[in-house]
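**Q** Submitted below is the structure of interest, expressed as structure tokens.
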Amino acid sequence: MDFREVVDSLPRYAEPLLVTVQVTLASAALALVVAFALGLMTSSKHLAVRTPARVFVEFFRGSSVVVQLFWFAFAMPVVLGIQFDYAIVAGIIALGLNYGAYCSEVVRGAIAAVPKGQLEASLAVNFTPFQRLRLVVLPQAWPEMIPSLCAFAIMLLKASALVSLISVTDLTAMAGLIGGQGGGVNQLPHYALILVVYFILAWGIWTGMRALERKAKRGLGVDAKPVKGRLTPAVAERGLL
């Protein structure tokens, strides 16, 4: 493999790399908002609140994300008359809604895992529902969500390559474009390059989320990275070795 051509073409990857990062960050932000909204709704005791959220979750989880991309990019302008100015917006919305639906189950499960005694104690001190959510439920549920949300964030990074299907020039599209010149005989070095780039980006997400998890657990008095031979506060309280 001749990597000299790859090195010479590195400046051309700058803008597609920015597109990949933008799609990942914007989709992740939208997915997080959707996940919390749907997670809270599916945790509700009221059927009128829980049912539409469950239908939304199952629809987006049960249909193909590729079809959803095509729907937002090409079908909505025809069927509903909604036209996005940029194809990248359609990609962000499709990915954000799809992964938000998946992540909502993480939110729901973490909320359900909060000990009932904590909720009873908050009721005893006359907390409002919003106070219970903000001061009792979310601070304990958030650290439990982070590992799963980290996995979904990495999956979302990799899924961002799908926006190339709706004519958005990201890393994957650029690798195919440059490598396809000259009959496509030089595609392998370019795909090897973006393979490494995706790995570095995924490693950055994992590192950041691990730091966030440790910070969240320290806020609860739990050592997320215990020292060998020492009891963490949570373990010490339970009397476990």
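Residues in the structure tokens are named by chain (A, B, ... in the order shown) and by number from 1 within that chain; ligands are numbered from 1 in the order shown.
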I want to know what sits within 10 Å of Gln140 (chain A), based on only C-alpha atoms, with residues of the same chain fewer than 6 positions away left out; could you give that as an MDAnalysis selection string?
**A** chainID A and resid 110:111 113:115 118 133:134 216:217 219:220
**Q** Selected residues, C-alpha atoms, written as a PDB file, in the first residue's frame, please.
**A**
ATOM      1  CA  ALA A 110     -31.648   3.871  35.837  1.00  0.00           C
ATOM      2  CA  ILE A 111     -34.610   5.763  37.283  1.00  0.00           C
ATOM      3  CA  ALA A 113     -33.158   1.341  39.949  1.00  0.00           C
ATOM      4  CA  VAL A 114     -33.247   4.200  42.488  1.00  0.00           C
ATOM      5  CA  PRO A 115     -34.132   2.605  45.867  1.00  0.00           C
ATOM      6  CA  GLN A 118     -35.111   7.225  48.822  1.00  0.00           C
ATOM      7  CA  LEU A 133     -36.552  14.323  40.461  1.00  0.00           C
ATOM      8  CA  ARG A 134     -33.834  16.974  40.684  1.00  0.00           C
ATOM      9  CA  ALA A 216     -20.588  11.836  39.105  1.00  0.00           C
ATOM     10  CA  LYS A 217     -19.793   8.987  41.497  1.00  0.00           C
ATOM     11  CA  GLY A 219     -20.475  13.516  43.948  1.00  0.00           C
ATOM     12  CA  LEU A 220     -22.326  10.630  45.628  1.00  0.00           C
TER      13      LEU A 220
END
**Q** At most 12 Å is the cut-off: for each residue in region 89-190 of chain A with any atom that close to an atom of region 50-55 of chain A, write down the nearest atom pair and the distance in Å rounded to one decimal, counting only C-alpha atoms, chain first then increasing number, as CSV.
**A**
residue,atom,partner,partner_atom,distance
A:Gly100,CA,A:Ala53,CA,11.6
A:Ala101,CA,A:Ala53,CA,9.2
A:Tyr102,CA,A:Arg54,CA,11.3
A:Ser104,CA,A:Ala53,CA,9.6
A:Glu105,CA,A:Arg54,CA,10.0
A:Arg108,CA,A:Arg54,CA,11.2
**Q** I'd like to know which of A:Leu171, A:Leu193, A:Ala112, A:Val137 is closest to Ser43 (chain A), using only C-alpha atoms.
**A**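 Result for the nearest residue to Ser43 (chain A): A:Ala112.
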**Q** List the neighbours of Val19 (chain A) out to 10 Å using only C-alpha atoms; skip same-chain residues closer than 2 positions along the sequence, and give me the result as a PyMOL selection string.
**A** chain A and resi 13-17+21-25+88+160+163+168-171
**Q** Check the DSSP output for the backbone and give back, as a PyMOL selection string, the residues of region 4-235 of chain A in alpha helix (DSSP H).
**A** chain A and resi 4-8+14-42+47-62+65-70+76-79+87-112+116-124+129-131+138-159+171-179+187-219+233-235
**Q** Between A:Gly204, A:Gly39, A:Gly109, A:Gly91, which is the closest to Ser148 (chain A) once you count only C-alpha atoms?
**A** A:Gly109
**Q** If you measure from CA of Tyr198 (chain A) to CA of Ala37 (chain A), what distance in Å do you get, rounded to one decimal?
**A**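 Distance between the two atoms: 29.4 Å.
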**Q** Any chance you could tabulate, as a Markdown table, the residues of region 6-83 of chain A at most 12 Å from region 93-96 of chain A with each one's nearest atom pair and distance in Å to one decimal, using only C-alpha atoms, in chain and rising number order?
**A**
| residue | atom | partner | partner_atom | distance |
| --- | --- | --- | --- | --- |
| A:Val23 | CA | A:Leu95 | CA | 8.7 |
| A:Thr24 | CA | A:Leu95 | CA | 8.8 |
| A:Leu25 | CA | A:Gly96 | CA | 9.7 |
| A:Ala26 | CA | A:Gly96 | CA | 7.8 |
| A:Ser27 | CA | A:Gly96 | CA | 4.3 |
| A:Ala28 | CA | A:Gly96 | CA | 6.2 |
| A:Ala29 | CA | A:Gly96 | CA | 7.6 |
| A:Leu30 | CA | A:Gly96 | CA | 5.1 |
| A:Ala31 | CA | A:Gly96 | CA | 4.3 |
| A:Leu32 | CA | A:Gly96 | CA | 8.1 |
| A:Val33 | CA | A:Gly96 | CA | 9.0 |
| A:Val34 | CA | A:Gly96 | CA | 7.7 |
| A:Ala35 | CA | A:Gly96 | CA | 9.4 |
| A:Phe60 | CA | A:Ala94 | CA | 9.3 |
| A:Arg61 | CA | A:Leu95 | CA | 11.3 |
| A:Ser63 | CA | A:Ala94 | CA | 11.4 |
| A:Ser64 | CA | A:Ala94 | CA | 10.4 |
| A:Val65 | CA | A:Leu95 | CA | 7.1 |
| A:Val66 | CA | A:Ala94 | CA | 8.7 |
| A:Val67 | CA | A:Ala94 | CA | 9.3 |
| A:Gln68 | CA | A:Ala94 | CA | 5.9 |
| A:Leu69 | CA | A:Ala94 | CA | 5.5 |
| A:Phe70 | CA | A:Ala94 | CA | 8.9 |
| A:Trp71 | CA | A:Ala94 | CA | 8.6 |
| A:Phe72 | CA | A:Ala94 | CA | 6.7 |
| A:Ala73 | CA | A:Ala94 | CA | 9.0 |
| A:Met76 | CA | A:Ala94 | CA | 11.8 |
**Q** Find the residues around Ala121 (chain A) up to 12 Å (only C-alpha atoms counted), leave out those fewer than 4 positions away in its own chain, and share them as an MDAnalysis selection string.
**A** chainID A and resid 115:117 125:127 132 135:137
**Q** Please measure the separation of CA of Leu40 (chain A) and CA of Val107 (chain A), giving the value in Å to one decimal.
**A**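 Going from CA of Leu40 (chain A) over to CA of Val107 (chain A), I get 7.5 Å.
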**Q** Quick one, how far is CA of Ala192 (chain A) from CA of Ser167 (chain A)?
**A**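 Interatomic distance here is 21.8 Å.
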